[in-house]
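**Student:** Just dropping this structure here.
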Amino acid sequence: MSMHMLRRLFVTVLLLVPAISGAQRGEVSGVAFIDANGNGVRDNGERGLANVVVSNQDAVVATDAAGVYRLPREANGVLFVSVPDGYRAVGAFWRRMDEMTATVDFPLAPIARSTEFTFIHASDTHIAPAVVARTERFRALADSLNPAFVIITGDLVKDALRVGETEATGYYELFKREAALFKQPLWTVPGNHENFGIERDKSKVSTAHPLYGRKMYHHYQGPDYYSFNFGGVHFVGLNTVDIDDQWYYGHVDSLQLAWLERDLAQVPPTMPVVTFNHIPFFSSFDGLSGYRDEPPAPTLITVNGKTAFRHTVSNAGDVLAVLRKRQHVLALGGHIHAGEQIVYEVDGLKTRFNQTPAIVGPSSGAGMQFVSGFTLYTVRNGVIDAGRFIPLGMDKEK
């Protein structure tokens, strides 16, 4: 065969090789851009925004000078933008991987920057038709206070743990409708009640169900851990509810812990960090409520041969070792249905661990009654005040 024929054959082979798309390579890419008219579409002249953090809940990248990012595509995962200070997401700040093409853009609309603002921390709405009036009352109070945003730290729905798909999705749909009525941005994280079907002896749900466990939360609410920035403060939502077979317990898994370190690496060392999650890092309420052996939520759990308290984060030390590389000043939690404030100061850094009462109703412990309500915080130049408790005003007097 002549050299001329070899060259012709080589060219032919090259032409027959198809182009490999980003989706085929298992990648997703796109642009974070300034959506000047807020229509959710990148129009001519709308420029990309540099140094915007985007994550697939594992890898964490910052956009380049043109606003472009590129990330591995995680099967059945969630992609999100860590909304930067001075902007709001136009539409959802997240996308489900199973619904995405190879290109996903994140439109961001400018908002007025402020070094003084308020935000609300609420928890445990346990939404269901019988108690939806409590969420409606909470929303009315929030509207009157007009905070910059609202955080709800889990147990959004009455129950997905031990019921079938129809009942569980009914609660999720109800929460979705009520959440859409808030005038302020609403940030949520999952509680134990959001984990679909895991108490299989009661729910009769298979582990092969496409919405089993955390996947139902992902389907309706997006990432179960993520971050955003506002008013000079970095806010980190964590999922502190882990699953061992049919049981939930307080724990941050290794994938999330690695993500947290990558996320915080993008944060300036002097920037205040606030975490919010369902099961708290620390609490005195196991002592107040007393030790319990009986189901459905005993005090202790043994996982991989190690026994730990179930209703606080069993590896809190590992999580705080990462968080304390930055200015972790406030940790917000729920789950215990009562207000609580714990302060630890180590090496000159004071961190407050604050729980807020439940929206769903009052609770009690050690003979004390705890009314339902939420907490309003004021932030001035990065300094967060002690918070002001606001009762819901719907508890019956005894």
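Each chain in the structure tokens gets a letter, A, B and so on, in the order shown; residues start at 1 in every chain, and ligands are counted from 1 in the order they appear.
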Please identify the strand (DSSP E) residues within range 12-111 of chain A (assignment by DSSP from backbone atoms) and present them as a PyMOL selection string.
**Tutor:** chain A and resi 27-34+53-55+60-62+68-72+78-82+87-89+94-96+106-110
**Student:** I'd like the contact shell of Ser364 in chain A - 12 Å cut-off, only C-alpha atoms, skipping same-chain residues fewer than 4 positions apart - returned as a PDB file with C-alpha atoms, in the first residue's frame.
**Tutor:**
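Written output follows (selection02.pdb):
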ATOM      1  CA  PHE A 285     -32.472  17.883  76.224  1.00  0.00           C
ATOM      2  CA  LEU A 288     -34.202  17.058  80.471  1.00  0.00           C
ATOM      3  CA  SER A 289     -36.390  14.522  78.709  1.00  0.00           C
ATOM      4  CA  GLY A 290     -34.787  11.516  80.358  1.00  0.00           C
ATOM      5  CA  ILE A 336     -35.804  19.016  70.069  1.00  0.00           C
ATOM      6  CA  HIS A 337     -38.933  21.225  69.795  1.00  0.00           C
ATOM      7  CA  ALA A 338     -37.636  23.730  72.347  1.00  0.00           C
ATOM      8  CA  GLY A 339     -35.462  26.816  72.560  1.00  0.00           C
ATOM      9  CA  PRO A 357     -38.841  25.639  69.213  1.00  0.00           C
ATOM     10  CA  ALA A 358     -41.177  23.789  66.857  1.00  0.00           C
ATOM     11  CA  MET A 368     -41.176  22.676  81.979  1.00  0.00           C
ATOM     12  CA  GLN A 369     -43.409  23.823  79.126  1.00  0.00           C
ATOM     13  CA  PHE A 370     -41.885  25.201  75.909  1.00  0.00           C
ATOM     14  CA  VAL A 371     -44.138  27.259  73.668  1.00  0.00           C
ATOM     15  CA  SER A 372     -44.105  27.078  69.879  1.00  0.00           C
TER      16      SER A 372
END
**Student:** Hey, what's within 9 Å of Val78 in chain A if we count only C-alpha atoms and toss same-chain stuff fewer than 4 positions away? As a list in words, please?
**Tutor:**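 Once the adjacent positions are removed, what remains is Ser55, Asn56, Gln57, Glu74, Trp94, Arg95, Arg96, Met97, Asp98, His218, Gly222, Pro223 and Asp224 of chain A.
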**Student:** Might you pull out every residue within 12 Å of Lys204 in chain A, with only C-alpha atoms counted and same-chain residues fewer than 2 positions away left off, and present them as a compact mmCIF listing (two decimals) with C-alpha atoms, in the first residue's frame?
**Tutor:**
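The new file result14.txt reads:
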# COMPACT_ATOMS: atom_id res chain seq x y z
CA ALA A 160 -42.25 10.21 55.27
CA LEU A 161 -40.37 7.78 57.52
CA ARG A 162 -42.99 5.15 58.11
CA VAL A 163 -45.71 5.69 55.50
CA GLY A 164 -46.27 4.75 51.87
CA GLU A 165 -45.57 6.86 48.80
CA PHE A 196 -38.90 8.32 52.82
CA GLY A 197 -39.87 4.80 53.83
CA ILE A 198 -36.79 3.85 55.85
CA GLU A 199 -38.83 2.32 58.69
CA ARG A 200 -39.74 -0.46 56.29
CA ASP A 201 -41.55 -2.62 58.84
CA LYS A 202 -44.21 0.14 58.92
CA SER A 206 -38.66 -1.26 49.13
CA THR A 207 -35.09 0.04 49.28
CA ALA A 208 -35.21 -0.12 45.46
CA HIS A 209 -37.94 2.55 45.33
CA TYR A 212 -36.31 5.87 48.96
CA GLN A 246 -34.26 1.27 59.36
**Student:** Hey, could you make a per-residue contact list for range 37-89 of chain A against range 173-191 of chain A with 12 Å as the cut-off, showing the nearest pair of atoms and its distance in Å to one decimal, counting only C-alpha atoms, sorted by chain and number, as a Markdown table?
**Tutor:**
| residue | atom | partner | partner_atom | distance |
| --- | --- | --- | --- | --- |
| A:Val83 | CA | A:Trp187 | CA | 11.7 |
| A:Tyr87 | CA | A:Pro185 | CA | 12.0 |
| A:Arg88 | CA | A:Pro185 | CA | 8.9 |
| A:Ala89 | CA | A:Pro185 | CA | 9.5 |
**Student:** Pick out the residues sitting within 7 Å of His251 in chain A, and hand them over as a VMD selection string; count only C-alpha atoms, and ignore anything fewer than 4 positions along from it in its own chain.
**Tutor:** chain A and resid 240 to 242 313 to 315
**Student:** Calculated over only C-alpha atoms, which of the candidates A:Gly348, A:Leu264, A:Asp35, A:Thr302 has the smallest distance to Ile111 in chain A?
**Tutor:** A:Asp35
**Student:** Which one of A:Met271, A:Val60, A:Val236, A:Ala133 sits closest to Val360 in chain A if you count only C-alpha atoms?
**Tutor:**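 Closest to Val360 in chain A, using only C-alpha atoms: A:Ala133.
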**Student:** Mind the document's chain letters and residue numbers, and return as a ChimeraX atom specification the residues of range 99-226 of chain A that DSSP labels alpha helix (DSSP H).
**Tutor:** /A:132-145,165-179,200-203,215-221
**Student:** Those same residues - N, CA and C atoms - I'd like them written as a tab-separated table (two decimals), in the first residue's frame.
**Tutor:**
chain	number	residue	atom	x	y	z
A	132	VAL	N	-51.86	22.63	59.20
A	132	VAL	CA	-51.37	23.61	58.23
A	132	VAL	C	-51.62	25.04	58.69
A	133	ALA	N	-52.60	25.25	59.53
A	133	ALA	CA	-52.87	26.61	60.03
A	133	ALA	C	-51.68	27.18	60.79
A	134	ARG	N	-50.88	26.31	61.40
A	134	ARG	CA	-49.69	26.79	62.13
A	134	ARG	C	-48.64	27.34	61.16
A	135	THR	N	-48.45	26.67	60.04
A	135	THR	CA	-47.53	27.19	59.03
A	135	THR	C	-48.08	28.48	58.43
A	136	GLU	N	-49.38	28.56	58.24
A	136	GLU	CA	-50.00	29.79	57.73
A	136	GLU	C	-49.80	30.95	58.71
A	137	ARG	N	-49.94	30.67	59.99
A	137	ARG	CA	-49.71	31.70	61.01
A	137	ARG	C	-48.24	32.13	61.02
A	138	PHE	N	-47.35	31.17	60.93
A	138	PHE	CA	-45.92	31.46	60.88
A	138	PHE	C	-45.60	32.35	59.68
A	139	ARG	N	-46.17	32.01	58.54
A	139	ARG	CA	-45.90	32.80	57.33
A	139	ARG	C	-46.42	34.23	57.49
A	140	ALA	N	-47.58	34.39	58.09
A	140	ALA	CA	-48.13	35.73	58.30
A	140	ALA	C	-47.23	36.57	59.20
A	141	LEU	N	-46.71	35.95	60.26
A	141	LEU	CA	-45.79	36.66	61.14
A	141	LEU	C	-44.49	37.01	60.41
A	142	ALA	N	-43.99	36.06	59.61
A	142	ALA	CA	-42.77	36.32	58.84
A	142	ALA	C	-42.98	37.49	57.87
A	143	ASP	N	-44.13	37.54	57.22
A	143	ASP	CA	-44.42	38.64	56.30
A	143	ASP	C	-44.42	39.98	57.02
A	144	SER	N	-44.95	40.00	58.24
A	144	SER	CA	-45.02	41.25	58.99
A	144	SER	C	-43.63	41.72	59.42
A	145	LEU	N	-42.72	40.77	59.63
A	145	LEU	CA	-41.36	41.11	60.07
A	145	LEU	C	-40.45	41.43	58.89
A	165	GLU	N	-45.88	5.76	49.71
A	165	GLU	CA	-45.57	6.86	48.80
A	165	GLU	C	-46.70	7.88	48.69
A	166	THR	N	-47.94	7.43	48.61
A	166	THR	CA	-49.05	8.37	48.42
A	166	THR	C	-49.16	9.34	49.57
A	167	GLU	N	-49.08	8.83	50.79
A	167	GLU	CA	-49.18	9.72	51.96
A	167	GLU	C	-47.97	10.63	52.05
A	168	ALA	N	-46.77	10.08	51.85
A	168	ALA	CA	-45.55	10.88	51.96
A	168	ALA	C	-45.51	12.00	50.93
A	169	THR	N	-45.81	11.67	49.67
A	169	THR	CA	-45.77	12.71	48.64
A	169	THR	C	-46.88	13.75	48.85
A	170	GLY	N	-47.99	13.33	49.45
A	170	GLY	CA	-49.04	14.29	49.77
A	170	GLY	C	-48.54	15.35	50.74
A	171	TYR	N	-47.78	14.94	51.74
A	171	TYR	CA	-47.21	15.90	52.69
A	171	TYR	C	-46.19	16.81	52.00
A	172	TYR	N	-45.32	16.22	51.18
A	172	TYR	CA	-44.31	17.01	50.46
A	172	TYR	C	-44.98	18.03	49.54
A	173	GLU	N	-46.01	17.61	48.84
A	173	GLU	CA	-46.71	18.53	47.94
A	173	GLU	C	-47.35	19.67	48.71
A	174	LEU	N	-47.91	19.35	49.88
A	174	LEU	CA	-48.51	20.39	50.72
A	174	LEU	C	-47.45	21.39	51.18
A	175	PHE	N	-46.30	20.89	51.60
A	175	PHE	CA	-45.23	21.80	52.01
A	175	PHE	C	-44.78	22.67	50.84
A	176	LYS	N	-44.65	22.06	49.67
A	176	LYS	CA	-44.23	22.81	48.48
A	176	LYS	C	-45.19	23.95	48.19
A	177	ARG	N	-46.49	23.69	48.30
A	177	ARG	CA	-47.49	24.75	48.03
A	177	ARG	C	-47.39	25.86	49.07
A	178	GLU	N	-47.26	25.50	50.34
A	178	GLU	CA	-47.18	26.51	51.39
A	178	GLU	C	-45.89	27.31	51.30
A	179	ALA	N	-44.79	26.63	50.98
A	179	ALA	CA	-43.49	27.31	50.88
A	179	ALA	C	-43.51	28.36	49.76
A	200	ARG	N	-39.08	0.40	57.27
A	200	ARG	CA	-39.74	-0.46	56.29
A	200	ARG	C	-40.75	-1.42	56.92
A	201	ASP	N	-40.57	-1.74	58.20
A	201	ASP	CA	-41.55	-2.62	58.84
A	201	ASP	C	-42.92	-1.95	58.92
A	202	LYS	N	-42.94	-0.60	58.89
A	202	LYS	CA	-44.21	0.14	58.92
A	202	LYS	C	-44.59	0.66	57.53
A	203	SER	N	-43.62	1.16	56.78
A	203	SER	CA	-43.92	1.79	55.49
A	203	SER	C	-44.17	0.77	54.38
A	215	LYS	N	-33.77	10.44	48.69
A	215	LYS	CA	-34.09	10.80	47.31
A	215	LYS	C	-35.41	11.56	47.20
A	216	MET	N	-36.35	11.32	48.10
A	216	MET	CA	-37.59	12.08	48.04
A	216	MET	C	-37.33	13.55	48.36
A	217	TYR	N	-36.47	13.83	49.33
A	217	TYR	CA	-36.12	15.22	49.63
A	217	TYR	C	-35.44	15.85	48.41
A	218	HIS	N	-34.49	15.14	47.79
A	218	HIS	CA	-33.82	15.66	46.60
A	218	HIS	C	-34.84	15.99	45.51
A	219	HIS	N	-35.83	15.14	45.34
A	219	HIS	CA	-36.83	15.33	44.29
A	219	HIS	C	-37.61	16.62	44.50
A	220	TYR	N	-38.00	16.89	45.73
A	220	TYR	CA	-38.86	18.05	46.01
A	220	TYR	C	-38.09	19.30	46.41
A	221	GLN	N	-37.04	19.15	47.21
A	221	GLN	CA	-36.39	20.31	47.82
A	221	GLN	C	-34.97	20.56	47.33
**Student:** When distances are computed from only C-alpha atoms, which of A:Thr299, A:Gln266, A:Asn277, A:Thr375 shows the smallest separation from Arg326 in chain A?
**Tutor:**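 Smallest separation from Arg326 in chain A among the options: A:Gln266.
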**Student:** With distances taken over only C-alpha atoms, which of A:Ala66, A:Lys325, A:Phe374, A:Ala316 is nearest to Pro269 in chain A?
**Tutor:**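 Ranked by minimum distance to Pro269 in chain A, first place goes to A:Lys325.
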**Student:** What is the distance between CA of Gly40 in chain A and CA of Val81 in chain A, in Å to one decimal?
**Tutor:**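 If I compute the distance from CA of Gly40 in chain A to CA of Val81 in chain A, I get 14.3 Å.
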**Student:** Near Gly387 in chain A, counting only C-alpha atoms, which residues have an atom at most 8 Å away, once you skip same-chain residues fewer than 2 positions from it, shown as an MDAnalysis selection string?
**Tutor:** chainID A and resid 375:378 384:385 389
**Student:** Kindly indicate which residue among A:Thr275, A:Asn44, A:Thr101, A:Asn146 lies nearest to His328 in chain A, using only C-alpha atoms for the distances.
**Tutor:**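 So, comparing all the options, the nearest one is A:Thr275.
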**Student:** Under the rule that only C-alpha atoms are counted, which of A:Asn39, A:Ser82, A:Thr356, A:Thr312 is the nearest residue to Ser283 in chain A?
**Tutor:**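 The shortest atom-to-atom distance to Ser283 in chain A comes from A:Thr312.
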**Student:** Would you list the contacts of Val104 in chain A as a list of chain:residue names, taking every protein, DNA or RNA residue within 12 Å and counting only C-alpha atoms, but skipping same-chain residues closer than 4 positions in sequence?
**Tutor:**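 Here the answer would be A:Gly22, A:Ala23, A:Glu27, A:Val28, A:Ser29, A:Gly30, A:Val31, A:Ala32, A:Phe33, A:Gly40, A:Val41, A:Arg42, A:Val54, A:Val68, A:Tyr69, A:Arg70, A:Leu71, A:Arg73, A:Val78, A:Leu79, A:Phe80, A:Val81, A:Phe93, A:Trp94, A:Arg95, A:Arg96, A:Met97, A:Glu99, A:Met100.
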**Student:** Kindly save the residues from that selection, with N, CA and C atoms included, as a short mmCIF file (atom, residue, chain, number, x, y, z; two decimals), in the first residue's frame.
**Tutor:**
data_model
loop_
_atom_site.label_atom_id
_atom_site.label_comp_id
_atom_site.auth_asym_id
_atom_site.auth_seq_id
_atom_site.Cartn_x
_atom_site.Cartn_y
_atom_site.Cartn_z
N GLY A 22 -20.16 16.67 26.24
CA GLY A 22 -19.93 16.75 27.68
C GLY A 22 -20.77 15.75 28.43
N ALA A 23 -22.03 15.55 27.99
CA ALA A 23 -22.91 14.60 28.66
C ALA A 23 -22.36 13.19 28.56
N GLU A 27 -19.99 14.90 32.09
CA GLU A 27 -19.75 16.24 32.60
C GLU A 27 -20.99 17.10 32.45
N VAL A 28 -21.05 18.12 33.25
CA VAL A 28 -22.05 19.17 33.08
C VAL A 28 -21.31 20.50 33.19
N SER A 29 -21.69 21.45 32.36
CA SER A 29 -21.03 22.76 32.37
C SER A 29 -22.07 23.82 32.10
N GLY A 30 -21.67 25.06 32.28
CA GLY A 30 -22.59 26.16 32.06
C GLY A 30 -21.99 27.47 32.50
N VAL A 31 -22.87 28.48 32.62
CA VAL A 31 -22.44 29.83 32.96
C VAL A 31 -23.30 30.37 34.09
N ALA A 32 -22.68 30.96 35.08
CA ALA A 32 -23.39 31.79 36.06
C ALA A 32 -23.35 33.21 35.51
N PHE A 33 -24.52 33.79 35.26
CA PHE A 33 -24.53 35.08 34.58
C PHE A 33 -25.45 36.07 35.30
N GLY A 40 -34.68 34.85 33.60
CA GLY A 40 -34.19 33.48 33.68
C GLY A 40 -33.50 32.97 32.44
N VAL A 41 -33.33 33.84 31.43
CA VAL A 41 -32.70 33.47 30.17
C VAL A 41 -31.52 34.41 29.91
N ARG A 42 -30.44 33.86 29.39
CA ARG A 42 -29.28 34.70 29.11
C ARG A 42 -29.49 35.43 27.78
N VAL A 54 -20.04 26.68 42.33
CA VAL A 54 -21.03 25.70 41.87
C VAL A 54 -20.57 24.33 42.35
N VAL A 68 -17.87 30.71 33.56
CA VAL A 68 -18.04 29.32 33.14
C VAL A 68 -17.57 28.36 34.23
N TYR A 69 -18.31 27.29 34.42
CA TYR A 69 -17.92 26.21 35.33
C TYR A 69 -18.01 24.88 34.59
N ARG A 70 -17.36 23.86 35.11
CA ARG A 70 -17.43 22.51 34.58
C ARG A 70 -17.28 21.53 35.73
N LEU A 71 -18.20 20.54 35.80
CA LEU A 71 -18.21 19.60 36.91
C LEU A 71 -18.54 18.19 36.42
N ARG A 73 -20.67 14.87 36.21
CA ARG A 73 -22.10 14.59 36.35
C ARG A 73 -22.26 13.40 37.29
N VAL A 78 -27.58 16.14 42.58
CA VAL A 78 -28.15 17.48 42.54
C VAL A 78 -27.02 18.47 42.29
N LEU A 79 -27.25 19.41 41.41
CA LEU A 79 -26.30 20.47 41.11
C LEU A 79 -26.85 21.77 41.67
N PHE A 80 -25.98 22.58 42.28
CA PHE A 80 -26.47 23.86 42.83
C PHE A 80 -25.42 24.94 42.72
N VAL A 81 -25.89 26.18 42.75
CA VAL A 81 -25.03 27.34 42.81
C VAL A 81 -25.06 27.88 44.24
N PHE A 93 -32.22 27.56 42.81
CA PHE A 93 -30.76 27.63 42.85
C PHE A 93 -30.13 26.27 42.57
N TRP A 94 -30.95 25.26 42.26
CA TRP A 94 -30.48 23.89 42.08
C TRP A 94 -31.19 23.23 40.89
N ARG A 95 -30.56 22.16 40.39
CA ARG A 95 -31.14 21.34 39.34
C ARG A 95 -30.89 19.86 39.67
N ARG A 96 -31.86 19.01 39.35
CA ARG A 96 -31.65 17.57 39.49
C ARG A 96 -30.89 17.05 38.28
N MET A 97 -29.87 16.20 38.53
CA MET A 97 -29.04 15.68 37.45
C MET A 97 -29.85 14.90 36.42
N GLU A 99 -32.62 15.45 35.24
CA GLU A 99 -33.44 16.32 34.40
C GLU A 99 -32.58 17.25 33.52
N MET A 100 -31.26 17.14 33.62
CA MET A 100 -30.39 18.13 33.01
C MET A 100 -29.82 17.66 31.69
#
